[in-house]
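One structure below.
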Amino acid sequence: MPEDKPGTPATGTGAGNIHIMVADGASIPDPREWRLINAWSISLTLAVCALVTLCVVWPQPYKEILIYLSDGLLVTFQVTLLSIMCALPLGLLTGLGRISRNRLLNLVASTYVEIIRGIPLLVQIFYIYYGLAKFVQVDSMTSAVIAISVCYGAYMGEVFRAGIQAISKGQAEAARSLGFTRFQTMRHVILPQALRTILPPVGNECIAMLKDTSLVSVTSLNDIMRLGRSYANANGLEFEPYSIIAIIYLIITLLLSKAVSLMEARLNYYDRRK
Amino acid sequence: MFRKLLLASLAVALMAGSALADGKKYIVASDATWPPMELLDNQKNVIGYSTDYINAVAKEAGIDIEVRNVAWDGILTGVGSDRYQIIASSVTITPERRKRLDFSDPYCEIHQAVTLPKGQSIKSLQDLKGKKVGGQISTTGIFVLRNSKVDADIREYDDVGLALRDLASGRLDAVICDEPVARYYANKRKEFENKLQIALVTDDVEYYGFVVKKGNTALRETLNKGIKAVKEKGIEKQLMEKWMGK
């Protein structure tokens with residue numbers, strides 16, 4: 001692998017080019033960064049090495065903890081994936097609602113965002129699982145997914161709205177004058193372009209969501225945080241299980257952020273070749 | 001200038017901290033989610049059998065204590081890192097815990113109880129096979145269930161009240177916890193009236209002890225002296241009647 005290929009400059013070179021610079025989200029690696037040694041690869045290598053070293057050198061307790069936590073990993077993944085799948089469409093709908101000219105839709109979407117954004121996720125989880133148990137009963141997995149996707153749907157709605165509004169008005173005007181309907185304009189002209197701006201912050205939200213799934217341990221759902229706490233209590237070890245949990249979350253998050261950055265690179269294909 | 005100020009205030013804070021520790025006031029940690037052993041009253045004071053007991057012990061042993069409400073999750077490690085000196089929180093004396101903590105003499109004798117919705121019954125722990133059973137995280141109830149090798153779906157909650165609430169609402173099939181606690185919730189709480197009942201009490205006896213840091217023999221001896229006096233003077237019996245009735 002060519003290790004020291006001169007790094008391509010990040011900004012467009014053409015003087016008169018209109019170049020949309022996509023701002024990188026805080027934790028998303030720069031897709032144009034192809035060198036071997038970068039922040040992402042260093043973090044991943046360190047995390048994996050730390051995990052392997054701990055498990056090989058001190059199988060007791062580290063390997064034992066890792067095995068103990070493995071069922072929890074599945075639950076954490078399940079909650080995260082389901083929540084992402086629900087939160088994305090919810091976010092898109094909210095974003096569209098926020099810019100809708102229909103007063104009612106706009107009001108509903110805006111109220112939803114204002115209310116949900118103002119309530120901590122932990123409180124929402126308690127509310128849905130324990131608070132609403134009086135009226136409807138949902139199991140811990142469902143309530144976790146509902147709480148997380150409702151919460152993140154609101155945040156993502158704002159991201160979608162910002163992304164859509166960032167596309168210049170001229171685009172919509174041009175499409176409309178070509179005879180596109182309002183829906184077609186949104187579907188074929190605005191959204192595909194907005195997607196490029198939206199992807200990094202949405203990726204960020206997904207990563208934040210993954211980390212926030214640790215909150216659902218309060219509903220007795222056996223995710224890795226809950227199992228880790230239970231191990232810590234039962235064995236009187238605090239440092240060891242929480243270290244392993246931190247490393248596991250870090251590795252998953254790094255992989256997720258790489259996936260987002262690869263997707264971003266694909267979307268920015270033409271930008272890169274300029 | 002700013003740095004000097006910071007250092008000075010740090011030094012003052014440190015001295016104040018050590019002065020407090022020298023004042024021989026022992027901090028007692030209790031998780032007040034375990035009625036009637038430890039609970040909060042409406043003024044947010046910790047009350048209950050263990051609390052009254054440790055206060056009586058302190059009086060007899062001539063030490064000054066202050067009871068604080070500390071979450072159960074992690075309570076046992078806090079005493080090792082000197083965040084408090086004593087735990088009075090219905091901690092059952094087990095061989096595993098003995099390895100890393102020192103216990104006073106026992107101050108209460110209890111059994112484990114399985115609570116079920118009213119009208120249901122079981123004959124032994126084995127009948128919980130395949131059932132969703134809740135309990136408070138890392139309490140002896142959970143350990144008993146795990147050790148009995150029953151293939152139950154064990155759910156651990158941050159506090160036992162949440163588990164019982166889930167039992168009453170039907171999301172759990174059973175809850176396992178210390179018998180006095182189960183009795184308190186099943187009989188004394190309005191919201192569970194006619195909903196829950198104690199279906200099984202295990203034969204194995206467990207003892208509660210006050211916890212001190214491993215190696216702190218002096219404090220342990222002081223507490224033991226106090227416990228002995230409390231037992232001899234009949235205060236223990238009064239407290240039993242006060243908190244557990246009959």
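Residue numbering restarts at 1 in every chain; chains get A, B, ... in the order shown in the structure tokens, and ligands count up from 1 in that same order.
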
From stretch 208-260 of chain A, collect each residue whose DSSP state is alpha helix (DSSP H) and return the set as a PyMOL selection string.
chain A and resi 208-212+224-235+239-260

Contacts from chain B to chain A, 8 Å maximum, only C-alpha atoms: show me the residue list as a count of residues only.
17

Long-range neighbours of stretch 41-44 of chain A as a list in words, 7 Å cut-off, only C-alpha atoms, 4 positions minimum in chain:
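The filter keeps Ile37, Val48, Ile251 and Leu254 of chain A.
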
May I have all residues of stretch 18-100 of chain B that DSSP, computed from the backbone, assigns to strand (DSSP E or B), given as an mmCIF file with N, CA, C and O atoms, in the first residue's frame?
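The new file result_28.cif reads:
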data_model
loop_
_atom_site.group_PDB
_atom_site.id
_atom_site.type_symbol
_atom_site.label_atom_id
_atom_site.label_comp_id
_atom_site.auth_asym_id
_atom_site.auth_seq_id
_atom_site.Cartn_x
_atom_site.Cartn_y
_atom_site.Cartn_z
ATOM 1 N N LYS B 25 -16.286 11.500 62.965
ATOM 2 C CA LYS B 25 -17.686 11.294 62.639
ATOM 3 C C LYS B 25 -17.714 10.277 61.517
ATOM 4 O O LYS B 25 -17.130 10.500 60.459
ATOM 5 N N TYR B 26 -18.324 9.138 61.761
ATOM 6 C CA TYR B 26 -18.340 8.104 60.744
ATOM 7 C C TYR B 26 -19.524 8.296 59.808
ATOM 8 O O TYR B 26 -20.629 8.578 60.254
ATOM 9 N N ILE B 27 -19.253 8.156 58.519
ATOM 10 C CA ILE B 27 -20.322 8.247 57.532
ATOM 11 C C ILE B 27 -20.862 6.842 57.294
ATOM 12 O O ILE B 27 -20.102 5.901 57.076
ATOM 13 N N VAL B 28 -22.190 6.714 57.366
ATOM 14 C CA VAL B 28 -22.832 5.423 57.146
ATOM 15 C C VAL B 28 -23.595 5.478 55.829
ATOM 16 O O VAL B 28 -24.377 6.406 55.604
ATOM 17 N N ALA B 29 -23.356 4.505 54.952
ATOM 18 C CA ALA B 29 -24.062 4.479 53.670
ATOM 19 C C ALA B 29 -25.232 3.507 53.742
ATOM 20 O O ALA B 29 -25.090 2.389 54.226
ATOM 21 N N SER B 30 -26.404 3.964 53.286
ATOM 22 C CA SER B 30 -27.579 3.103 53.201
ATOM 23 C C SER B 30 -28.256 3.341 51.874
ATOM 24 O O SER B 30 -28.342 4.476 51.433
ATOM 25 N N THR B 33 -33.874 2.053 49.482
ATOM 26 C CA THR B 33 -34.925 1.535 48.608
ATOM 27 C C THR B 33 -35.311 0.150 49.082
ATOM 28 O O THR B 33 -35.718 -0.691 48.300
ATOM 29 N N TRP B 34 -35.159 -0.126 50.360
ATOM 30 C CA TRP B 34 -35.285 -1.490 50.844
ATOM 31 C C TRP B 34 -36.168 -1.510 52.095
ATOM 32 O O TRP B 34 -35.725 -1.915 53.149
ATOM 33 N N GLU B 38 -34.417 -0.124 55.087
ATOM 34 C CA GLU B 38 -33.938 1.241 54.870
ATOM 35 C C GLU B 38 -34.895 1.891 53.886
ATOM 36 O O GLU B 38 -35.167 1.335 52.827
ATOM 37 N N LEU B 39 -35.423 3.035 54.249
ATOM 38 C CA LEU B 39 -36.271 3.765 53.316
ATOM 39 C C LEU B 39 -36.174 5.251 53.626
ATOM 40 O O LEU B 39 -35.588 5.643 54.628
ATOM 41 N N LEU B 40 -36.727 6.065 52.750
ATOM 42 C CA LEU B 40 -36.716 7.510 52.971
ATOM 43 C C LEU B 40 -38.074 7.931 53.502
ATOM 44 O O LEU B 40 -39.101 7.450 53.035
ATOM 45 N N VAL B 46 -33.158 9.110 55.910
ATOM 46 C CA VAL B 46 -33.149 7.653 55.851
ATOM 47 C C VAL B 46 -33.704 7.130 57.171
ATOM 48 O O VAL B 46 -33.268 7.542 58.247
ATOM 49 N N ILE B 47 -34.702 6.267 57.094
ATOM 50 C CA ILE B 47 -35.243 5.645 58.293
ATOM 51 C C ILE B 47 -35.312 4.142 58.053
ATOM 52 O O ILE B 47 -35.022 3.677 56.951
ATOM 53 N N ASP B 64 -19.928 8.755 66.827
ATOM 54 C CA ASP B 64 -20.789 9.722 66.163
ATOM 55 C C ASP B 64 -20.965 9.285 64.713
ATOM 56 O O ASP B 64 -19.976 9.030 64.035
ATOM 57 N N ILE B 65 -22.204 9.172 64.243
ATOM 58 C CA ILE B 65 -22.389 8.746 62.850
ATOM 59 C C ILE B 65 -23.335 9.678 62.102
ATOM 60 O O ILE B 65 -24.105 10.431 62.703
ATOM 61 N N GLU B 66 -23.249 9.601 60.779
ATOM 62 C CA GLU B 66 -24.183 10.341 59.928
ATOM 63 C C GLU B 66 -24.589 9.394 58.808
ATOM 64 O O GLU B 66 -23.752 8.856 58.096
ATOM 65 N N VAL B 67 -25.902 9.169 58.653
ATOM 66 C CA VAL B 67 -26.387 8.224 57.648
ATOM 67 C C VAL B 67 -26.645 8.958 56.340
ATOM 68 O O VAL B 67 -27.274 10.010 56.323
ATOM 69 N N ARG B 68 -26.122 8.391 55.256
ATOM 70 C CA ARG B 68 -26.344 9.001 53.939
ATOM 71 C C ARG B 68 -26.985 8.008 52.997
ATOM 72 O O ARG B 68 -26.734 6.803 53.087
ATOM 73 N N ASN B 69 -27.793 8.517 52.076
ATOM 74 C CA ASN B 69 -28.458 7.672 51.091
ATOM 75 C C ASN B 69 -27.530 7.465 49.891
ATOM 76 O O ASN B 69 -27.146 8.416 49.225
ATOM 77 N N ILE B 86 -18.881 2.978 57.050
ATOM 78 C CA ILE B 86 -19.767 1.879 57.452
ATOM 79 C C ILE B 86 -20.881 1.755 56.406
ATOM 80 O O ILE B 86 -21.334 2.765 55.866
ATOM 81 N N ILE B 87 -21.318 0.530 56.123
ATOM 82 C CA ILE B 87 -22.521 0.349 55.316
ATOM 83 C C ILE B 87 -23.570 -0.333 56.191
ATOM 84 O O ILE B 87 -23.317 -1.396 56.756
ATOM 85 N N THR B 92 -26.221 -8.876 53.212
ATOM 86 C CA THR B 92 -26.125 -10.248 53.694
ATOM 87 C C THR B 92 -24.666 -10.673 53.733
ATOM 88 O O THR B 92 -23.904 -10.371 52.809
#

List the neighbours of B:Leu196 out to 9 Å using only C-alpha atoms; skip same-chain residues closer than 6 positions along the sequence, and give me the result as a PyMOL selection string.
chain B and resi 115-119+164+167-168+185-187

With distances taken over only C-alpha atoms, which of B:Leu172, B:Ala88, B:Val160, B:Val201 is nearest to B:Asp52?
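Of B:Leu172, B:Ala88, B:Val160, B:Val201, the one nearest B:Asp52 is B:Ala88, counting only C-alpha atoms.
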
Atomic separation - atom CA of B:Thr139 relative to atom CA of B:Gly226, Å
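Computing it gives 26.3 Å between the two atoms.
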
In Å, with one decimal, what is the gap from atom CA of B:Ser148 to atom CA of B:Ala182?
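Straight-line distance from atom CA of B:Ser148 to atom CA of B:Ala182 works out to 19.9 Å.
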
Please determine, counting only C-alpha atoms, which residue among A:Val123, A:Ala208, A:Val145, A:Cys151 has the shortest atom-to-atom distance to A:Val79.
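The shortest atom-to-atom distance to A:Val79 comes from A:Val145.
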
Give me the residues near B:Leu125 as an MDAnalysis selection string, where near means some atom within 8 Å (using only C-alpha atoms) and where sequence neighbours in that chain fewer than 3 positions away do not count.
chainID B and resid 122 128:129 145 148 150

Using only N, CA and C atoms, please write the residues we just selected to a file, as a short mmCIF file (atom, residue, chain, number, x, y, z; two decimals), in the first residue's frame.
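In the end it all went to part_11.cif:
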data_model
loop_
_atom_site.label_atom_id
_atom_site.label_comp_id
_atom_site.auth_asym_id
_atom_site.auth_seq_id
_atom_site.Cartn_x
_atom_site.Cartn_y
_atom_site.Cartn_z
N ILE B 122 -46.23 -21.60 43.83
CA ILE B 122 -45.16 -22.49 43.38
C ILE B 122 -44.73 -23.33 44.58
N LEU B 128 -39.79 -21.98 38.90
CA LEU B 128 -39.62 -20.69 38.21
C LEU B 128 -38.97 -20.88 36.84
N LYS B 129 -38.76 -22.13 36.47
CA LYS B 129 -38.10 -22.41 35.20
C LYS B 129 -38.83 -21.73 34.03
N LEU B 145 -31.07 -17.44 43.16
CA LEU B 145 -31.70 -17.95 41.95
C LEU B 145 -30.65 -18.47 40.97
N SER B 148 -29.15 -21.73 42.22
CA SER B 148 -30.03 -22.90 42.23
C SER B 148 -30.17 -23.49 40.83
N VAL B 150 -31.77 -22.71 38.30
CA VAL B 150 -33.07 -22.73 37.64
C VAL B 150 -32.92 -21.98 36.34
#

Let me make sure I understand: among A:Tyr152, A:Ile207, A:Ala162, A:Cys49, which one has the smallest atom-to-atom distance to A:Pro120 if we use only C-alpha atoms?
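Going through A:Tyr152, A:Ile207, A:Ala162, A:Cys49 one by one, the smallest distance to A:Pro120 is for A:Tyr152.
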
Excluding stretch 186-194 of chain A and residues on its chain fewer than 3 positions from it, collect all residues at most 12 Å away from it, counting only C-alpha atoms, and give them as a compact mmCIF listing (two decimals) with all heavy atoms, in the first residue's frame.
# COMPACT_ATOMS: atom_id res chain seq x y z
N ILE A 20 -18.94 22.81 -2.89
CA ILE A 20 -19.63 22.73 -1.59
C ILE A 20 -18.74 21.96 -0.63
O ILE A 20 -18.48 20.78 -0.82
CB ILE A 20 -20.98 22.01 -1.72
CG1 ILE A 20 -21.83 22.73 -2.75
CG2 ILE A 20 -21.68 21.94 -0.38
CD1 ILE A 20 -23.08 21.98 -3.14
N VAL A 22 -18.27 20.06 2.48
CA VAL A 22 -19.10 19.41 3.49
C VAL A 22 -18.35 19.41 4.80
O VAL A 22 -17.25 18.89 4.89
CB VAL A 22 -19.41 17.97 3.06
CG1 VAL A 22 -20.21 17.27 4.12
CG2 VAL A 22 -20.16 17.98 1.75
N LEU A 92 -36.78 12.40 9.00
CA LEU A 92 -37.07 12.97 7.68
C LEU A 92 -38.45 13.62 7.69
O LEU A 92 -38.62 14.76 7.24
CB LEU A 92 -37.00 11.87 6.62
CG LEU A 92 -37.31 12.31 5.20
CD1 LEU A 92 -36.31 13.37 4.74
CD2 LEU A 92 -37.29 11.14 4.24
N GLY A 95 -38.29 16.78 9.66
CA GLY A 95 -37.59 17.82 8.93
C GLY A 95 -38.49 18.42 7.86
O GLY A 95 -38.58 19.65 7.70
N LEU A 96 -39.20 17.55 7.12
CA LEU A 96 -40.10 18.03 6.07
C LEU A 96 -41.24 18.82 6.69
O LEU A 96 -41.64 19.86 6.17
CB LEU A 96 -40.65 16.86 5.26
CG LEU A 96 -39.63 16.16 4.36
CD1 LEU A 96 -40.23 14.95 3.70
CD2 LEU A 96 -39.08 17.13 3.32
N ILE A 99 -40.34 22.41 7.52
CA ILE A 99 -40.27 23.41 6.45
C ILE A 99 -41.55 23.44 5.63
O ILE A 99 -41.65 24.14 4.64
CB ILE A 99 -39.07 23.14 5.51
CG1 ILE A 99 -39.13 21.70 5.00
CG2 ILE A 99 -37.76 23.42 6.18
CD1 ILE A 99 -38.15 21.44 3.90
N SER A 100 -42.53 22.64 6.08
CA SER A 100 -43.78 22.57 5.32
C SER A 100 -44.52 23.91 5.37
O SER A 100 -44.44 24.66 6.33
CB SER A 100 -44.65 21.46 5.91
OG SER A 100 -45.97 21.62 5.47
N VAL A 159 -31.58 18.27 11.86
CA VAL A 159 -30.47 18.08 10.91
C VAL A 159 -31.00 18.05 9.48
O VAL A 159 -30.47 18.72 8.58
CB VAL A 159 -29.71 16.77 11.22
CG1 VAL A 159 -28.70 16.48 10.14
CG2 VAL A 159 -29.05 16.84 12.58
N PHE A 160 -32.09 17.30 9.27
CA PHE A 160 -32.69 17.22 7.94
C PHE A 160 -33.14 18.61 7.47
O PHE A 160 -32.92 19.00 6.33
CB PHE A 160 -33.88 16.26 7.95
CG PHE A 160 -33.48 14.82 7.78
CD1 PHE A 160 -33.39 13.97 8.87
CD2 PHE A 160 -33.19 14.31 6.53
CE1 PHE A 160 -33.00 12.65 8.72
CE2 PHE A 160 -32.80 12.99 6.36
CZ PHE A 160 -32.71 12.15 7.46
N ARG A 161 -33.78 19.34 8.39
CA ARG A 161 -34.27 20.66 8.02
C ARG A 161 -33.10 21.55 7.58
O ARG A 161 -33.15 22.18 6.53
CB ARG A 161 -34.98 21.31 9.21
CG ARG A 161 -35.51 22.68 8.94
CD ARG A 161 -36.20 23.24 10.15
NE ARG A 161 -35.28 23.49 11.25
CZ ARG A 161 -34.74 24.68 11.49
NH1 ARG A 161 -35.05 25.71 10.73
NH2 ARG A 161 -33.91 24.85 12.48
N ALA A 162 -32.04 21.55 8.38
CA ALA A 162 -30.90 22.39 8.04
C ALA A 162 -30.33 21.99 6.69
O ALA A 162 -30.00 22.84 5.86
CB ALA A 162 -29.84 22.27 9.13
N GLY A 163 -30.23 20.67 6.44
CA GLY A 163 -29.66 20.19 5.19
C GLY A 163 -30.50 20.61 4.00
O GLY A 163 -29.98 21.04 2.97
N ILE A 164 -31.82 20.51 4.15
CA ILE A 164 -32.70 20.86 3.05
C ILE A 164 -32.64 22.37 2.79
O ILE A 164 -32.58 22.83 1.65
CB ILE A 164 -34.15 20.42 3.36
CG1 ILE A 164 -34.21 18.89 3.37
CG2 ILE A 164 -35.11 20.99 2.33
CD1 ILE A 164 -35.49 18.34 3.93
N GLN A 165 -32.60 23.13 3.87
CA GLN A 165 -32.59 24.58 3.70
C GLN A 165 -31.27 25.09 3.15
O GLN A 165 -31.20 26.20 2.63
CB GLN A 165 -32.91 25.27 5.03
CG GLN A 165 -34.41 25.23 5.32
CD GLN A 165 -34.77 25.86 6.63
OE1 GLN A 165 -33.93 25.99 7.51
NE2 GLN A 165 -36.03 26.24 6.77
N ALA A 166 -30.23 24.25 3.25
CA ALA A 166 -28.92 24.69 2.77
C ALA A 166 -28.84 24.64 1.24
O ALA A 166 -27.94 25.24 0.65
CB ALA A 166 -27.82 23.82 3.37
N ILE A 167 -29.76 23.90 0.60
CA ILE A 167 -29.75 23.84 -0.86
C ILE A 167 -30.31 25.16 -1.40
O ILE A 167 -31.37 25.61 -0.96
CB ILE A 167 -30.62 22.67 -1.35
CG1 ILE A 167 -30.10 21.36 -0.77
CG2 ILE A 167 -30.63 22.62 -2.87
CD1 ILE A 167 -28.67 21.05 -1.11
N SER A 168 -29.59 25.75 -2.36
CA SER A 168 -29.97 27.10 -2.76
C SER A 168 -31.36 27.11 -3.40
O SER A 168 -31.78 26.14 -4.04
CB SER A 168 -28.93 27.69 -3.72
OG SER A 168 -29.28 27.32 -5.04
N LYS A 169 -32.04 28.21 -3.19
CA LYS A 169 -33.41 28.36 -3.67
C LYS A 169 -33.50 28.16 -5.17
O LYS A 169 -34.51 27.68 -5.70
CB LYS A 169 -33.90 29.76 -3.31
CG LYS A 169 -34.92 29.76 -2.19
CD LYS A 169 -35.72 31.04 -2.25
CE LYS A 169 -36.87 30.98 -1.27
NZ LYS A 169 -36.85 32.11 -0.37
N GLY A 170 -32.44 28.57 -5.87
CA GLY A 170 -32.42 28.48 -7.32
C GLY A 170 -32.72 27.09 -7.84
O GLY A 170 -33.35 26.91 -8.88
N GLN A 171 -32.25 26.10 -7.10
CA GLN A 171 -32.48 24.72 -7.50
C GLN A 171 -33.97 24.41 -7.57
O GLN A 171 -34.45 23.83 -8.54
CB GLN A 171 -31.82 23.78 -6.48
CG GLN A 171 -30.32 23.91 -6.38
CD GLN A 171 -29.62 23.21 -7.52
OE1 GLN A 171 -30.10 22.20 -8.03
NE2 GLN A 171 -28.50 23.76 -7.96
N ALA A 172 -34.66 24.81 -6.50
CA ALA A 172 -36.10 24.54 -6.46
C ALA A 172 -36.81 25.33 -7.55
O ALA A 172 -37.67 24.81 -8.26
CB ALA A 172 -36.66 24.90 -5.09
N GLU A 173 -36.38 26.60 -7.72
CA GLU A 173 -37.03 27.44 -8.73
C GLU A 173 -36.84 26.87 -10.12
O GLU A 173 -37.77 26.81 -10.93
CB GLU A 173 -36.47 28.86 -8.64
CG GLU A 173 -37.09 29.65 -7.51
CD GLU A 173 -36.26 30.88 -7.15
OE1 GLU A 173 -35.27 31.16 -7.87
OE2 GLU A 173 -36.60 31.53 -6.15
N ALA A 174 -35.62 26.42 -10.40
CA ALA A 174 -35.34 25.84 -11.71
C ALA A 174 -36.20 24.62 -11.95
O ALA A 174 -36.81 24.46 -13.02
CB ALA A 174 -33.86 25.47 -11.80
N ALA A 175 -36.25 23.74 -10.94
CA ALA A 175 -37.03 22.52 -11.10
C ALA A 175 -38.50 22.84 -11.31
O ALA A 175 -39.17 22.25 -12.17
CB ALA A 175 -36.85 21.63 -9.86
N ARG A 176 -38.99 23.79 -10.54
CA ARG A 176 -40.40 24.15 -10.65
C ARG A 176 -40.71 24.72 -12.04
O ARG A 176 -41.74 24.43 -12.63
CB ARG A 176 -40.78 25.18 -9.58
CG ARG A 176 -40.67 24.66 -8.17
CD ARG A 176 -41.81 23.79 -7.76
NE ARG A 176 -43.02 24.57 -7.51
CZ ARG A 176 -44.24 24.12 -7.71
NH1 ARG A 176 -44.40 22.92 -8.18
NH2 ARG A 176 -45.28 24.87 -7.44
N LEU A 178 -39.27 23.97 -14.68
CA LEU A 178 -39.24 22.91 -15.68
C LEU A 178 -40.50 22.06 -15.61
O LEU A 178 -40.62 21.06 -16.32
CB LEU A 178 -38.01 22.03 -15.46
CG LEU A 178 -36.69 22.64 -15.93
CD1 LEU A 178 -35.53 21.77 -15.49
CD2 LEU A 178 -36.70 22.82 -17.44
N PHE A 180 -41.66 20.49 -12.71
CA PHE A 180 -41.71 19.53 -11.62
C PHE A 180 -42.77 19.96 -10.62
O PHE A 180 -42.91 21.16 -10.36
CB PHE A 180 -40.35 19.46 -10.90
CG PHE A 180 -39.34 18.60 -11.58
CD1 PHE A 180 -39.22 18.58 -12.96
CD2 PHE A 180 -38.48 17.81 -10.83
CE1 PHE A 180 -38.27 17.79 -13.58
CE2 PHE A 180 -37.53 17.02 -11.44
CZ PHE A 180 -37.42 17.01 -12.81
N THR A 181 -43.44 18.99 -10.04
CA THR A 181 -44.35 19.36 -8.96
C THR A 181 -43.51 19.59 -7.71
O THR A 181 -42.31 19.28 -7.67
CB THR A 181 -45.35 18.23 -8.65
OG1 THR A 181 -44.61 17.10 -8.21
CG2 THR A 181 -46.18 17.87 -9.86
N ARG A 182 -44.15 20.13 -6.68
CA ARG A 182 -43.45 20.38 -5.43
C ARG A 182 -42.82 19.09 -4.89
O ARG A 182 -41.68 19.07 -4.45
CB ARG A 182 -44.46 20.93 -4.42
CG ARG A 182 -43.87 21.74 -3.32
CD ARG A 182 -44.97 22.47 -2.59
NE ARG A 182 -45.28 23.75 -3.22
CZ ARG A 182 -44.49 24.82 -3.11
NH1 ARG A 182 -43.37 24.76 -2.43
NH2 ARG A 182 -44.82 25.96 -3.69
N PHE A 183 -43.60 17.98 -4.95
CA PHE A 183 -43.12 16.70 -4.44
C PHE A 183 -41.92 16.21 -5.25
O PHE A 183 -40.90 15.80 -4.72
CB PHE A 183 -44.26 15.67 -4.48
CG PHE A 183 -43.80 14.29 -4.09
CD1 PHE A 183 -43.62 13.96 -2.74
CD2 PHE A 183 -43.55 13.32 -5.05
CE1 PHE A 183 -43.21 12.70 -2.37
CE2 PHE A 183 -43.13 12.05 -4.69
CZ PHE A 183 -42.95 11.75 -3.34
N THR A 197 -24.95 16.84 2.52
CA THR A 197 -24.70 17.69 3.69
C THR A 197 -25.18 17.02 4.96
O THR A 197 -24.60 17.19 6.03
CB THR A 197 -25.46 19.03 3.56
OG1 THR A 197 -25.92 19.15 2.25
CG2 THR A 197 -24.63 20.17 4.01
N ILE A 198 -26.26 16.26 4.81
CA ILE A 198 -26.89 15.68 5.99
C ILE A 198 -26.11 14.49 6.53
O ILE A 198 -26.06 14.28 7.73
CB ILE A 198 -28.33 15.25 5.62
CG1 ILE A 198 -29.20 16.47 5.38
CG2 ILE A 198 -28.92 14.39 6.70
CD1 ILE A 198 -30.54 16.10 4.82
N LEU A 199 -25.47 13.76 5.66
CA LEU A 199 -24.88 12.49 6.08
C LEU A 199 -23.94 12.59 7.28
O LEU A 199 -24.11 11.83 8.24
CB LEU A 199 -24.19 11.81 4.89
CG LEU A 199 -23.80 10.38 5.18
CD1 LEU A 199 -25.03 9.51 5.34
CD2 LEU A 199 -22.92 9.83 4.09
N PRO A 200 -22.93 13.50 7.27
CA PRO A 200 -22.04 13.51 8.44
C PRO A 200 -22.76 13.79 9.76
O PRO A 200 -22.56 13.04 10.72
CB PRO A 200 -21.03 14.60 8.09
CG PRO A 200 -21.13 14.79 6.64
CD PRO A 200 -22.51 14.45 6.25
N PRO A 201 -23.61 14.82 9.85
CA PRO A 201 -24.27 15.02 11.15
C PRO A 201 -25.22 13.88 11.51
O PRO A 201 -25.34 13.54 12.69
CB PRO A 201 -25.03 16.33 10.98
CG PRO A 201 -25.03 16.64 9.55
CD PRO A 201 -23.89 15.94 8.93
N VAL A 202 -25.86 13.26 10.51
CA VAL A 202 -26.73 12.13 10.83
C VAL A 202 -25.89 10.96 11.34
O VAL A 202 -26.26 10.26 12.29
CB VAL A 202 -27.57 11.70 9.61
CG1 VAL A 202 -28.13 10.31 9.81
CG2 VAL A 202 -28.71 12.67 9.40
N LEU A 267 -20.61 9.43 -1.80
CA LEU A 267 -21.51 10.49 -2.22
C LEU A 267 -20.75 11.67 -2.80
O LEU A 267 -21.25 12.39 -3.65
CB LEU A 267 -22.35 10.97 -1.03
CG LEU A 267 -23.51 10.07 -0.64
CD1 LEU A 267 -24.22 10.63 0.56
CD2 LEU A 267 -24.49 9.94 -1.80
N ASN A 268 -19.53 11.87 -2.31
CA ASN A 268 -18.76 13.02 -2.77
C ASN A 268 -17.82 12.65 -3.91
O ASN A 268 -16.84 13.31 -4.15
CB ASN A 268 -17.94 13.60 -1.61
CG ASN A 268 -18.85 14.28 -0.63
OD1 ASN A 268 -20.00 14.57 -0.95
ND2 ASN A 268 -18.35 14.54 0.56

Between B:Arg83, B:Lys190, B:Arg3, B:His111, which one has atoms that come closest to B:Val212, using only C-alpha atoms?
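Nearest candidate to B:Val212 out of B:Arg83, B:Lys190, B:Arg3, B:His111: B:Arg83.
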